[in-house]
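Asker: Below is the file target_39.txt, which contains compact mmCIF, C-alpha atoms.
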```txt
# COMPACT_ATOMS: atom_id res chain seq x y z
CA MET A 9 13.62 13.28 32.51
CA ALA A 10 13.20 13.70 28.74
CA ILE A 11 9.90 13.67 26.94
CA ILE A 12 10.17 14.42 23.23
CA GLN A 13 7.21 15.78 21.34
CA VAL A 14 6.93 14.88 17.68
CA GLU A 15 4.60 16.63 15.28
CA VAL A 16 3.97 15.02 11.89
CA ARG A 17 2.16 16.71 9.04
CA LEU A 18 1.72 16.29 5.29
CA LYS A 19 4.28 17.99 3.07
CA GLU A 20 3.11 21.22 1.56
CA GLY A 21 1.21 20.69 -1.66
CA ILE A 22 -0.16 17.28 -0.71
CA LEU A 23 -3.93 17.37 -0.43
CA ASP A 24 -5.18 16.81 3.13
CA PRO A 25 -8.77 15.52 2.80
CA GLN A 26 -9.24 15.33 6.58
CA GLY A 27 -8.22 18.94 7.07
CA LYS A 28 -10.51 19.92 4.23
CA ALA A 29 -13.47 18.08 5.78
CA ILE A 30 -12.87 19.80 9.13
CA GLN A 31 -12.62 23.18 7.41
CA HIS A 32 -15.98 22.55 5.68
CA ALA A 33 -17.49 21.75 9.08
CA LEU A 34 -16.08 24.96 10.58
CA ASP A 35 -17.53 26.89 7.68
CA SER A 36 -21.00 25.49 8.28
CA MET A 37 -20.61 26.20 12.02
CA GLY A 38 -20.17 29.85 11.18
CA TYR A 39 -16.38 30.20 11.45
CA LYS A 40 -16.21 31.81 8.02
CA ASP A 41 -12.79 33.41 8.60
CA CYS A 42 -11.00 30.08 8.92
CA GLN A 43 -9.66 29.51 5.43
CA SER A 44 -7.94 26.18 5.80
CA VAL A 45 -7.23 23.43 8.32
CA GLN A 46 -4.15 21.20 8.32
CA CYS A 47 -4.62 17.89 10.09
CA GLY A 48 -1.53 16.20 11.52
CA LYS A 49 -0.37 13.82 14.23
CA PHE A 50 1.20 14.41 17.60
CA PHE A 51 3.32 12.00 19.63
CA GLU A 52 5.04 12.16 23.01
CA LEU A 53 7.97 9.82 23.51
CA ASP A 54 9.02 9.34 27.12
CA PHE A 55 12.73 8.45 27.36
CA GLY A 56 12.79 8.44 31.16
CA ALA A 57 16.05 9.63 32.69
CA MET A 58 17.92 9.95 29.38
CA PRO A 59 19.56 13.35 28.77
CA SER A 60 17.45 15.39 26.39
CA ASP A 61 20.05 15.73 23.61
CA GLU A 62 20.41 11.95 23.38
CA ALA A 63 16.60 11.56 23.58
CA LEU A 64 16.23 14.03 20.72
CA LYS A 65 18.64 11.99 18.61
CA GLN A 66 16.71 8.80 19.22
CA ALA A 67 13.37 10.51 18.64
CA GLU A 68 14.63 11.81 15.32
CA ALA A 69 15.61 8.30 14.24
CA VAL A 70 12.21 6.98 15.33
CA ALA A 71 10.39 9.76 13.49
CA LYS A 72 12.35 9.05 10.31
CA LYS A 73 11.86 5.31 10.48
CA ILE A 74 8.24 4.96 11.49
CA LEU A 75 6.34 8.00 12.80
CA ALA A 76 6.56 9.90 9.52
CA ASN A 77 6.65 8.69 5.92
CA PRO A 78 9.30 10.91 4.31
CA ASN A 79 7.65 10.51 0.90
CA ILE A 80 4.62 12.51 1.98
CA GLU A 81 5.23 13.88 5.48
CA VAL A 82 7.51 16.18 7.45
CA PHE A 83 8.13 16.12 11.21
CA PHE A 84 9.20 18.53 13.94
CA LEU A 85 10.79 17.63 17.29
CA LYS A 86 10.66 19.45 20.59
CA VAL A 87 11.72 18.68 24.16
CA LYS A 88 8.67 18.93 26.41
CA GLU A 89 9.08 21.75 28.95
CA MET B 19 4.25 -25.03 -6.91
CA LYS B 20 3.62 -23.55 -3.49
CA ALA B 21 2.49 -20.10 -2.45
CA GLY B 22 2.89 -18.32 0.89
CA ILE B 23 0.21 -15.96 2.16
CA ILE B 24 1.55 -13.65 4.86
CA VAL B 25 -0.93 -13.04 7.67
CA PHE B 26 -0.67 -9.97 9.90
CA PRO B 27 -2.93 -9.14 12.85
CA GLY B 28 -5.83 -7.54 11.00
CA SER B 29 -5.34 -9.16 7.59
CA ASN B 30 -8.77 -10.12 6.27
CA CYS B 31 -8.35 -11.08 2.62
CA ASP B 32 -5.95 -13.92 3.40
CA HIS B 33 -8.67 -16.56 3.03
CA ASP B 34 -9.89 -15.01 -0.22
CA ALA B 35 -6.38 -15.36 -1.61
CA TYR B 36 -6.17 -18.93 -0.31
CA TRP B 37 -9.49 -19.78 -1.95
CA ALA B 38 -8.43 -18.25 -5.25
CA LEU B 39 -5.24 -20.32 -5.31
CA ARG B 40 -6.48 -23.64 -3.94
CA GLU B 41 -10.01 -23.89 -5.23
CA THR B 42 -9.79 -22.23 -8.60
CA LEU B 43 -6.18 -22.85 -9.63
CA ASP B 44 -5.20 -25.91 -7.60
CA ILE B 45 -2.05 -24.20 -6.29
CA ARG B 46 -0.87 -25.25 -2.83
CA ALA B 47 -0.77 -22.40 -0.35
CA ASP B 48 0.27 -21.92 3.28
CA PHE B 49 -0.67 -19.17 5.67
CA ILE B 50 2.46 -17.63 7.19
CA TRP B 51 2.12 -15.78 10.48
CA HIS B 52 3.94 -12.43 10.48
CA ARG B 53 6.24 -13.48 13.37
CA GLU B 54 7.96 -16.08 11.16
CA THR B 55 11.62 -15.45 10.46
CA GLU B 56 12.08 -18.07 7.75
CA LEU B 57 10.42 -18.22 4.35
CA LYS B 58 11.63 -21.39 2.70
CA GLY B 59 10.14 -23.42 -0.13
CA TYR B 60 7.75 -20.83 -1.52
CA ASP B 61 7.59 -20.05 -5.23
CA PHE B 62 5.68 -16.83 -4.69
CA LEU B 63 4.26 -14.75 -1.87
CA ILE B 64 1.09 -12.78 -1.29
CA LEU B 65 0.64 -9.85 1.07
CA PRO B 66 -3.14 -9.87 1.36
CA GLY B 67 -5.60 -7.07 1.96
CA GLY B 68 -7.06 -6.06 5.29
CA PHE B 69 -6.27 -3.65 8.08
CA SER B 70 -2.95 -4.77 9.52
CA TYR B 71 -2.57 -3.33 13.03
CA GLY B 72 -5.91 -1.59 12.57
CA ASP B 73 -4.32 0.82 10.09
CA TYR B 74 -2.85 2.59 13.16
CA LEU B 75 -0.35 5.36 12.38
CA ARG B 76 -0.58 4.88 8.59
CA SER B 77 -1.81 1.87 6.61
CA GLY B 78 1.02 -0.64 6.48
CA ALA B 79 3.39 1.46 8.62
CA ILE B 80 3.57 -0.98 11.53
CA ALA B 81 3.28 -4.22 9.53
CA ARG B 82 6.43 -3.37 7.62
CA PHE B 83 8.42 -3.90 10.82
CA SER B 84 7.01 -7.40 11.39
CA PRO B 85 9.79 -10.02 11.60
CA VAL B 86 8.69 -11.77 8.40
CA MET B 87 9.30 -8.62 6.36
CA GLN B 88 13.10 -8.88 6.63
CA GLU B 89 13.01 -12.27 5.01
CA LEU B 90 10.50 -11.07 2.43
CA GLN B 91 12.83 -8.21 1.53
CA LYS B 92 15.64 -10.69 0.83
CA LEU B 93 13.39 -12.82 -1.37
CA ALA B 94 12.22 -9.74 -3.26
CA GLU B 95 15.85 -8.92 -4.02
CA LYS B 96 16.42 -12.47 -5.24
CA GLY B 97 13.57 -12.11 -7.73
CA THR B 98 10.83 -14.12 -6.00
CA PRO B 99 7.41 -12.99 -7.28
CA ILE B 100 5.60 -11.02 -4.57
CA ILE B 101 2.19 -9.38 -4.86
CA GLY B 102 0.72 -6.90 -2.39
CA ILE B 103 -3.01 -6.42 -2.72
CA CYS B 104 -4.66 -3.36 -1.13
CA ASN B 105 -3.20 -3.30 2.41
CA GLY B 106 -0.42 -5.47 0.98
CA PHE B 107 0.37 -2.69 -1.51
CA GLN B 108 0.46 -0.21 1.37
CA ILE B 109 2.90 -2.45 3.25
CA LEU B 110 5.12 -2.68 0.14
CA THR B 111 5.32 1.11 -0.26
CA GLU B 112 5.90 1.63 3.47
CA SER B 113 8.73 -0.90 3.40
CA GLY B 114 10.33 0.70 0.36
CA LEU B 115 9.96 -2.41 -1.80
CA LEU B 116 7.84 -0.23 -4.06
CA PRO B 117 8.36 3.52 -4.44
CA GLY B 118 5.89 6.29 -3.57
CA ALA B 119 3.20 6.31 -0.89
CA LEU B 120 -0.51 5.64 -0.41
CA THR B 121 -2.67 7.93 1.66
CA VAL B 122 -6.25 9.02 2.37
CA ASN B 123 -8.63 9.04 -0.64
CA ASP B 124 -9.38 12.53 -1.91
CA THR B 125 -13.09 11.60 -1.82
CA MET B 126 -12.89 11.40 2.01
CA LYS B 127 -14.77 8.10 1.72
CA PHE B 128 -14.04 4.42 2.00
CA GLU B 129 -14.48 3.38 -1.64
CA CYS B 130 -16.02 -0.08 -1.91
CA ARG B 131 -17.25 -0.90 -5.41
CA MET B 132 -16.39 -2.36 -8.80
CA ILE B 133 -14.04 -0.28 -10.95
CA ASN B 134 -12.34 -0.63 -14.31
CA LEU B 135 -8.63 -0.61 -14.76
CA LYS B 136 -6.34 -0.71 -17.72
CA LEU B 137 -3.24 -2.83 -18.02
CA SER B 138 -0.98 -0.01 -19.13
CA GLU B 139 2.30 -1.89 -18.98
CA ASN B 140 2.96 -5.57 -19.21
CA ARG B 141 6.51 -6.01 -17.90
CA SER B 142 5.56 -7.55 -14.59
CA LEU B 143 5.76 -11.30 -14.06
CA TRP B 144 2.26 -11.02 -12.64
CA THR B 145 0.52 -9.88 -15.82
CA LYS B 146 1.95 -12.13 -18.55
CA ARG B 147 -1.43 -13.75 -19.19
CA TYR B 148 -3.07 -10.44 -20.12
CA GLU B 149 -2.79 -8.43 -23.31
CA ARG B 150 -1.29 -4.97 -22.84
CA GLY B 151 -4.15 -2.46 -22.92
CA ALA B 152 -6.67 -4.95 -21.50
CA ILE B 153 -9.56 -3.41 -19.55
CA LEU B 154 -10.30 -5.32 -16.37
CA ASN B 155 -13.21 -5.14 -13.97
CA MET B 156 -12.27 -5.60 -10.32
CA PRO B 157 -13.50 -4.55 -6.89
CA ILE B 158 -11.78 -1.96 -4.71
CA ALA B 159 -12.31 -1.56 -0.96
CA HIS B 160 -10.05 1.04 0.60
CA GLY B 161 -9.92 4.35 2.44
CA GLU B 162 -6.23 5.01 1.84
CA GLY B 163 -5.56 4.27 -1.80
CA ARG B 164 -4.45 7.62 -3.16
CA TYR B 165 -1.08 6.92 -4.73
CA ILE B 166 1.40 9.76 -4.38
CA ALA B 167 4.63 10.29 -6.30
CA ASP B 168 6.50 13.50 -7.07
CA SER B 169 7.24 14.46 -10.68
CA ASP B 170 10.73 12.90 -10.66
CA LEU B 171 9.42 9.58 -9.43
CA LEU B 172 6.52 9.65 -11.89
CA LYS B 173 8.93 10.13 -14.75
CA GLU B 174 11.05 7.27 -13.50
CA LEU B 175 7.99 5.01 -13.23
CA GLU B 176 6.95 5.92 -16.76
CA ASP B 177 10.44 5.53 -18.22
CA ASN B 178 10.84 2.12 -16.62
CA GLN B 179 7.32 0.98 -17.58
CA GLN B 180 6.42 0.39 -13.94
CA ILE B 181 2.89 1.80 -14.08
CA VAL B 182 1.05 -1.49 -14.47
CA PHE B 183 -2.57 -0.52 -13.78
CA GLN B 184 -4.47 2.75 -14.19
CA TYR B 185 -8.09 3.47 -13.33
CA CYS B 186 -10.22 3.93 -16.44
CA ASP B 187 -13.82 4.00 -17.61
CA GLU B 188 -15.60 1.08 -19.31
CA ALA B 189 -14.19 2.06 -22.67
CA GLY B 190 -10.64 2.26 -21.33
CA ASN B 191 -10.39 6.05 -21.20
CA ILE B 192 -8.21 7.21 -18.32
CA THR B 193 -10.29 10.06 -16.90
CA ASP B 194 -10.57 11.93 -13.61
CA ALA B 195 -14.15 10.71 -13.26
CA ALA B 196 -12.93 7.10 -13.31
CA ASN B 197 -10.29 7.73 -10.64
CA PRO B 198 -11.85 6.61 -7.33
CA ASN B 199 -9.30 8.07 -4.90
CA GLY B 200 -7.31 10.89 -6.50
CA SER B 201 -4.23 8.81 -7.27
CA VAL B 202 -1.61 10.72 -9.22
CA ASN B 203 -1.65 9.75 -12.89
CA HIS B 204 -4.66 7.49 -12.05
CA ILE B 205 -2.29 4.83 -10.75
CA ALA B 206 -3.94 1.67 -9.42
CA GLY B 207 -0.88 -0.58 -9.40
CA ILE B 208 2.87 -0.47 -9.95
CA CYS B 209 5.73 -2.94 -10.10
CA ASN B 210 9.37 -2.65 -9.13
CA LYS B 211 12.04 -2.14 -11.78
CA GLU B 212 12.72 -5.86 -11.98
CA GLY B 213 9.02 -6.69 -12.42
CA ASN B 214 8.81 -9.38 -9.72
CA VAL B 215 7.10 -7.21 -7.07
CA LEU B 216 3.60 -5.93 -7.89
CA GLY B 217 1.40 -3.74 -5.70
CA MET B 218 -2.21 -2.96 -6.56
CA MET B 219 -5.20 -1.48 -4.76
CA PRO B 220 -7.92 -3.48 -6.63
CA HIS B 221 -8.61 -7.06 -5.51
CA PRO B 222 -7.88 -9.68 -8.20
CA GLU B 223 -8.39 -12.51 -5.68
CA ARG B 224 -12.07 -11.57 -5.38
CA VAL B 225 -12.76 -12.00 -9.11
CA VAL B 226 -11.59 -15.49 -9.94
CA GLU B 227 -14.95 -17.21 -10.49
CA ALA B 228 -18.14 -16.17 -12.30
CA VAL B 229 -20.14 -16.89 -9.16
CA LEU B 230 -18.11 -14.20 -7.36
CA GLY B 231 -19.05 -11.63 -9.97
CA GLY B 232 -16.20 -11.90 -12.42
CA THR B 233 -13.05 -13.67 -13.49
CA ASP B 234 -10.80 -10.80 -14.54
CA GLY B 235 -8.43 -11.35 -11.64
CA LYS B 236 -7.69 -14.99 -12.31
CA ALA B 237 -4.98 -14.36 -14.90
CA ILE B 238 -2.88 -12.53 -12.28
CA PHE B 239 -2.25 -15.84 -10.56
CA GLN B 240 -2.22 -17.84 -13.80
CA SER B 241 0.52 -15.57 -15.10
CA LEU B 242 2.89 -17.13 -12.60
CA LEU B 243 2.23 -20.60 -13.98
CA GLU B 244 3.89 -19.37 -17.16
CA VAL B 245 7.00 -17.96 -15.57
CA LEU B 246 7.70 -20.36 -12.70
```
Before we go any further, please render this structure as structure tokens.
Answerer:
Amino acid sequence: MAIIQVEVRLKEGILDPQGKAIQHALDSMGYKDCQSVQCGKFFELDFGAMPSDEALKQAEAVAKKILANPNIEVFFLKVKE
Amino acid sequence: MKAGIIVFPGSNCDHDAYWALRETLDIRADFIWHRETELKGYDFLILPGGFSYGDYLRSGAIARFSPVMQELQKLAEKGTPIIGICNGFQILTESGLLPGALTVNDTMKFECRMINLKLSENRSLWTKRYERGAILNMPIAHGEGRYIADSDLLKELEDNQQIVFQYCDEAGNITDAANPNGSVNHIAGICNKEGNVLGMMPHPERVVEAVLGGTDGKAIFQSLLEVL
């Protein structure tokens, strides 16, 4: 059974207003040591009985085509333990 | 002349576009459901504003895989005039018909108000009725309108005169204060290299009659009467 986890986040240097808003909230909650927050997206793709190397390949294609926008985002893949 | 207005689940400016064409310009228009696989007999196409697929994932990211988009891509390559307004612009960048990307406003707010924009370049088929440098007053209504391009792409857009609209103040000065969403280089709209595909965040279809609050958007659609 292969479940692939995909993490998508903004490329470095691209302003993340959502992360910034969360960081401001943390600051007012008293978490003064937290200097920045990066907000991203997380997906789990369930490929059923497919072998994990093949599932990884398909997940990579899916991430490139739709889950991430390569102009502004990067993605990371992992087989779920 | 006949126009096609593509309707996705969640489009909500489709009827505004229809009204602008039929009632103020007497141009025939059809609504085209996004599942269509044929686009025949249309002189130009509109991707209207709204929240296709609820803006899930990223604005425009799911709509670009609708069946109608394959056909639209072919027509774009053939030179058919296509305009994407607001969510339509987001769909055009997601599909690669226009370069760059649109993402969350730097203001962290949904910006819904009148703004001024400058017609910085006049190469597009869609802006022939305006004078280059014209200052136009139009509404915006978006949460994800921050245009992003890296320095190489920006240079390319500038060199090819693809930066059609930039946010400006009433006097036409392009300033940070007049930029509602943090778009790079204050970009409000761009066209493709050929000039037939235009994407813009402001809503020209909402300013086509004085009773609606302005007429600055009307010439977008009138421009096509000159070229078609």
Asker: Could you list, with a cut-off of 8 Å and counting all atoms listed in the file, the residues of chain B near chain A, each shown with its nearest atom pair and the distance in Å rounded to one decimal, rows sorted by chain and ascending number, as CSV?
Answerer:
```
residue,atom,partner,partner_atom,distance
B:Leu75,CA,A:Leu75,CA,7.2
B:Ala79,CA,A:Ile74,CA,6.6
B:Ile80,CA,A:Ile74,CA,7.6
B:Glu112,CA,A:Asn77,CA,7.5
B:Gly118,CA,A:Asn79,CA,6.4
B:Ala119,CA,A:Asn79,CA,6.4
B:Val122,CA,A:Pro25,CA,7.0
B:Asn123,CA,A:Pro25,CA,7.3
B:Asp124,CA,A:Pro25,CA,5.6
B:Thr125,CA,A:Pro25,CA,7.4
B:Met126,CA,A:Pro25,CA,5.9
B:Ile166,CA,A:Ile80,CA,7.6
B:Ala167,CA,A:Asn79,CA,7.8
```
Asker: For the residues selected in the previous step, produce a file with C-alpha atoms as an mmCIF file, keeping the file's coordinate frame.
Answerer:
```cif
data_model
loop_
_atom_site.group_PDB
_atom_site.id
_atom_site.type_symbol
_atom_site.label_atom_id
_atom_site.label_comp_id
_atom_site.auth_asym_id
_atom_site.auth_seq_id
_atom_site.Cartn_x
_atom_site.Cartn_y
_atom_site.Cartn_z
ATOM 1 C CA LEU B 75 -0.350 5.360 12.380
ATOM 2 C CA ALA B 79 3.390 1.460 8.620
ATOM 3 C CA ILE B 80 3.570 -0.980 11.530
ATOM 4 C CA GLU B 112 5.900 1.630 3.470
ATOM 5 C CA GLY B 118 5.890 6.290 -3.570
ATOM 6 C CA ALA B 119 3.200 6.310 -0.890
ATOM 7 C CA VAL B 122 -6.250 9.020 2.370
ATOM 8 C CA ASN B 123 -8.630 9.040 -0.640
ATOM 9 C CA ASP B 124 -9.380 12.530 -1.910
ATOM 10 C CA THR B 125 -13.090 11.600 -1.820
ATOM 11 C CA MET B 126 -12.890 11.400 2.010
ATOM 12 C CA ILE B 166 1.400 9.760 -4.380
ATOM 13 C CA ALA B 167 4.630 10.290 -6.300
#
```
Asker: Mind pulling up the distance from atom CA of B:Arg82 to atom CA of A:Gly48?
Answerer: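 Interatomic distance here is 21.5 Å.
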Asker: So how far away is atom CA of B:Leu154 from atom CA of B:Leu63, in Å?
Answerer: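 Here the two named atoms are 22.6 Å from each other.
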Asker: Wanna dump the stretch 73-159 of chain B-stretch 203-222 of chain B contacts at 10 Å for me, each residue with its shortest atom pair and the distance in Å to one decimal, counting all atoms listed in the file, ordered by chain and number, as JSON lines?
Answerer:
```
{"residue": "B:Ala94", "atom": "CA", "partner": "B:Val215", "partner_atom": "CA", "distance": 6.9}
{"residue": "B:Glu95", "atom": "CA", "partner": "B:Asn214", "partner_atom": "CA", "distance": 9.1}
{"residue": "B:Lys96", "atom": "CA", "partner": "B:Asn214", "partner_atom": "CA", "distance": 9.4}
{"residue": "B:Gly97", "atom": "CA", "partner": "B:Asn214", "partner_atom": "CA", "distance": 5.8}
{"residue": "B:Thr98", "atom": "CA", "partner": "B:Asn214", "partner_atom": "CA", "distance": 6.4}
{"residue": "B:Pro99", "atom": "CA", "partner": "B:Asn214", "partner_atom": "CA", "distance": 4.6}
{"residue": "B:Ile100", "atom": "CA", "partner": "B:Val215", "partner_atom": "CA", "distance": 4.8}
{"residue": "B:Ile101", "atom": "CA", "partner": "B:Leu216", "partner_atom": "CA", "distance": 4.8}
{"residue": "B:Gly102", "atom": "CA", "partner": "B:Gly217", "partner_atom": "CA", "distance": 4.6}
{"residue": "B:Ile103", "atom": "CA", "partner": "B:Met218", "partner_atom": "CA", "distance": 5.2}
{"residue": "B:Cys104", "atom": "CA", "partner": "B:Met219", "partner_atom": "CA", "distance": 4.1}
{"residue": "B:Asn105", "atom": "CA", "partner": "B:Met219", "partner_atom": "CA", "distance": 7.7}
{"residue": "B:Gly106", "atom": "CA", "partner": "B:Gly217", "partner_atom": "CA", "distance": 7.1}
{"residue": "B:Phe107", "atom": "CA", "partner": "B:Gly217", "partner_atom": "CA", "distance": 4.4}
{"residue": "B:Gln108", "atom": "CA", "partner": "B:Gly217", "partner_atom": "CA", "distance": 8.0}
{"residue": "B:Ile109", "atom": "CA", "partner": "B:Gly217", "partner_atom": "CA", "distance": 9.2}
{"residue": "B:Leu110", "atom": "CA", "partner": "B:Gly217", "partner_atom": "CA", "distance": 7.0}
{"residue": "B:Thr111", "atom": "CA", "partner": "B:Gly217", "partner_atom": "CA", "distance": 8.3}
{"residue": "B:Leu115", "atom": "CA", "partner": "B:Asn210", "partner_atom": "CA", "distance": 7.4}
{"residue": "B:Leu116", "atom": "CA", "partner": "B:Asn210", "partner_atom": "CA", "distance": 5.8}
{"residue": "B:Pro117", "atom": "CA", "partner": "B:Asn210", "partner_atom": "CA", "distance": 7.8}
{"residue": "B:Gly118", "atom": "CA", "partner": "B:Ile208", "partner_atom": "CA", "distance": 9.8}
{"residue": "B:Leu120", "atom": "CA", "partner": "B:Met219", "partner_atom": "CA", "distance": 9.6}
{"residue": "B:Cys130", "atom": "CA", "partner": "B:Pro220", "partner_atom": "CA", "distance": 10.0}
{"residue": "B:Arg131", "atom": "CA", "partner": "B:Pro220", "partner_atom": "CA", "distance": 9.8}
{"residue": "B:Met132", "atom": "CA", "partner": "B:Pro220", "partner_atom": "CA", "distance": 8.8}
{"residue": "B:Ile133", "atom": "CA", "partner": "B:Pro220", "partner_atom": "CA", "distance": 8.1}
{"residue": "B:Asn134", "atom": "CA", "partner": "B:Pro220", "partner_atom": "CA", "distance": 9.3}
{"residue": "B:Leu135", "atom": "CA", "partner": "B:Ala206", "partner_atom": "CA", "distance": 7.5}
{"residue": "B:Lys136", "atom": "CA", "partner": "B:Ala206", "partner_atom": "CA", "distance": 9.0}
{"residue": "B:Leu137", "atom": "CA", "partner": "B:Gly207", "partner_atom": "CA", "distance": 9.2}
{"residue": "B:Ser138", "atom": "CA", "partner": "B:Gly207", "partner_atom": "CA", "distance": 9.7}
{"residue": "B:Glu139", "atom": "CA", "partner": "B:Ile208", "partner_atom": "CA", "distance": 9.2}
{"residue": "B:Asn140", "atom": "CA", "partner": "B:Gly213", "partner_atom": "CA", "distance": 9.2}
{"residue": "B:Arg141", "atom": "CA", "partner": "B:Gly213", "partner_atom": "CA", "distance": 6.1}
{"residue": "B:Ser142", "atom": "CA", "partner": "B:Gly213", "partner_atom": "CA", "distance": 4.2}
{"residue": "B:Leu143", "atom": "CA", "partner": "B:Asn214", "partner_atom": "CA", "distance": 5.6}
{"residue": "B:Trp144", "atom": "CA", "partner": "B:Leu216", "partner_atom": "CA", "distance": 7.1}
{"residue": "B:Thr145", "atom": "CA", "partner": "B:Leu216", "partner_atom": "CA", "distance": 9.4}
{"residue": "B:Leu154", "atom": "CA", "partner": "B:Pro222", "partner_atom": "CA", "distance": 9.6}
{"residue": "B:Asn155", "atom": "CA", "partner": "B:Pro222", "partner_atom": "CA", "distance": 9.1}
{"residue": "B:Met156", "atom": "CA", "partner": "B:Pro220", "partner_atom": "CA", "distance": 6.1}
{"residue": "B:Pro157", "atom": "CA", "partner": "B:His221", "partner_atom": "CA", "distance": 5.7}
{"residue": "B:Ile158", "atom": "CA", "partner": "B:Pro220", "partner_atom": "CA", "distance": 4.6}
{"residue": "B:Ala159", "atom": "CA", "partner": "B:Pro220", "partner_atom": "CA", "distance": 7.4}
```
Asker: Residues as selected, C-alpha atoms, written as a PDB file, in the coordinates of the input, can you do that?
Answerer:
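part_25.pdb written:
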```pdb
ATOM      1  CA  ALA B  94      12.220  -9.740  -3.260  1.00  0.00           C
ATOM      2  CA  GLU B  95      15.850  -8.920  -4.020  1.00  0.00           C
ATOM      3  CA  LYS B  96      16.420 -12.470  -5.240  1.00  0.00           C
ATOM      4  CA  GLY B  97      13.570 -12.110  -7.730  1.00  0.00           C
ATOM      5  CA  THR B  98      10.830 -14.120  -6.000  1.00  0.00           C
ATOM      6  CA  PRO B  99       7.410 -12.990  -7.280  1.00  0.00           C
ATOM      7  CA  ILE B 100       5.600 -11.020  -4.570  1.00  0.00           C
ATOM      8  CA  ILE B 101       2.190  -9.380  -4.860  1.00  0.00           C
ATOM      9  CA  GLY B 102       0.720  -6.900  -2.390  1.00  0.00           C
ATOM     10  CA  ILE B 103      -3.010  -6.420  -2.720  1.00  0.00           C
ATOM     11  CA  CYS B 104      -4.660  -3.360  -1.130  1.00  0.00           C
ATOM     12  CA  ASN B 105      -3.200  -3.300   2.410  1.00  0.00           C
ATOM     13  CA  GLY B 106      -0.420  -5.470   0.980  1.00  0.00           C
ATOM     14  CA  PHE B 107       0.370  -2.690  -1.510  1.00  0.00           C
ATOM     15  CA  GLN B 108       0.460  -0.210   1.370  1.00  0.00           C
ATOM     16  CA  ILE B 109       2.900  -2.450   3.250  1.00  0.00           C
ATOM     17  CA  LEU B 110       5.120  -2.680   0.140  1.00  0.00           C
ATOM     18  CA  THR B 111       5.320   1.110  -0.260  1.00  0.00           C
ATOM     19  CA  LEU B 115       9.960  -2.410  -1.800  1.00  0.00           C
ATOM     20  CA  LEU B 116       7.840  -0.230  -4.060  1.00  0.00           C
ATOM     21  CA  PRO B 117       8.360   3.520  -4.440  1.00  0.00           C
ATOM     22  CA  GLY B 118       5.890   6.290  -3.570  1.00  0.00           C
ATOM     23  CA  LEU B 120      -0.510   5.640  -0.410  1.00  0.00           C
ATOM     24  CA  CYS B 130     -16.020  -0.080  -1.910  1.00  0.00           C
ATOM     25  CA  ARG B 131     -17.250  -0.900  -5.410  1.00  0.00           C
ATOM     26  CA  MET B 132     -16.390  -2.360  -8.800  1.00  0.00           C
ATOM     27  CA  ILE B 133     -14.040  -0.280 -10.950  1.00  0.00           C
ATOM     28  CA  ASN B 134     -12.340  -0.630 -14.310  1.00  0.00           C
ATOM     29  CA  LEU B 135      -8.630  -0.610 -14.760  1.00  0.00           C
ATOM     30  CA  LYS B 136      -6.340  -0.710 -17.720  1.00  0.00           C
ATOM     31  CA  LEU B 137      -3.240  -2.830 -18.020  1.00  0.00           C
ATOM     32  CA  SER B 138      -0.980  -0.010 -19.130  1.00  0.00           C
ATOM     33  CA  GLU B 139       2.300  -1.890 -18.980  1.00  0.00           C
ATOM     34  CA  ASN B 140       2.960  -5.570 -19.210  1.00  0.00           C
ATOM     35  CA  ARG B 141       6.510  -6.010 -17.900  1.00  0.00           C
ATOM     36  CA  SER B 142       5.560  -7.550 -14.590  1.00  0.00           C
ATOM     37  CA  LEU B 143       5.760 -11.300 -14.060  1.00  0.00           C
ATOM     38  CA  TRP B 144       2.260 -11.020 -12.640  1.00  0.00           C
ATOM     39  CA  THR B 145       0.520  -9.880 -15.820  1.00  0.00           C
ATOM     40  CA  LEU B 154     -10.300  -5.320 -16.370  1.00  0.00           C
ATOM     41  CA  ASN B 155     -13.210  -5.140 -13.970  1.00  0.00           C
ATOM     42  CA  MET B 156     -12.270  -5.600 -10.320  1.00  0.00           C
ATOM     43  CA  PRO B 157     -13.500  -4.550  -6.890  1.00  0.00           C
ATOM     44  CA  ILE B 158     -11.780  -1.960  -4.710  1.00  0.00           C
ATOM     45  CA  ALA B 159     -12.310  -1.560  -0.960  1.00  0.00           C
TER      46      ALA B 159
END
```
Asker: Tell me which protein, DNA and RNA residues are within 8 Å of A:Ala67, counting all atoms listed in the file, leaving out same-chain ones fewer than 3 positions away, and put them as a list in words.
Answerer: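 Once the adjacent positions are removed, what remains is Ile12, Val14, Leu53, Ala63, Leu64, Val70, Ala71 and Leu85 of chain A.
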Asker: So how far away is atom CA of B:Thr193 from atom CA of B:Tyr165, in Å?
Answerer: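 Distance between the two atoms: 15.6 Å.
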Asker: Can you tell me, as a PyMOL selection string, what residues are no more than 12 Å from A:Met58 when counting all atoms listed in the file, ignoring any on the same chain fewer than 2 positions away?
Answerer: chain A and resi 9-12+53-56+60-67+87
Asker: Looking at only C-alpha atoms, which of B:Ile24, B:Ile50, B:Ile153, B:Leu175 is the one that sits closest to B:Asp187?
Answerer: B:Ile153
Asker: Hey, can I get the axis-aligned box for stretch 33-44 of chain A? All listed atoms, 3 Å padding on each side, centre and edge lengths in Å to one decimal, as AutoDock Vina command-line options.
Answerer:
```
--center_x -14.5 --center_y 27.6 --center_z 8.7 --size_x 19.1 --size_y 17.7 --size_z 12.6
```
Asker: Contacts of B:Ala21 at 10 Å or less, counting all atoms listed in the file, minus same-chain residues fewer than 2 places along, as a PyMOL selection string?
Answerer: chain B and resi 19+23-24+36+39-40+45-50+59-64+99-100
Asker: May I have the residues within 9 Å of A:Phe50 as a PyMOL selection string, using all atoms listed in the file and disregarding those fewer than 5 positions away in the same chain?
Answerer: chain A and resi 13-17
Asker: Could you give me, as a PyMOL selection string, the residues within 7 Å of A:Val45, counting only C-alpha atoms and dropping anything in the same chain fewer than 6 positions from it?
Answerer: chain A and resi 27-28+30-31
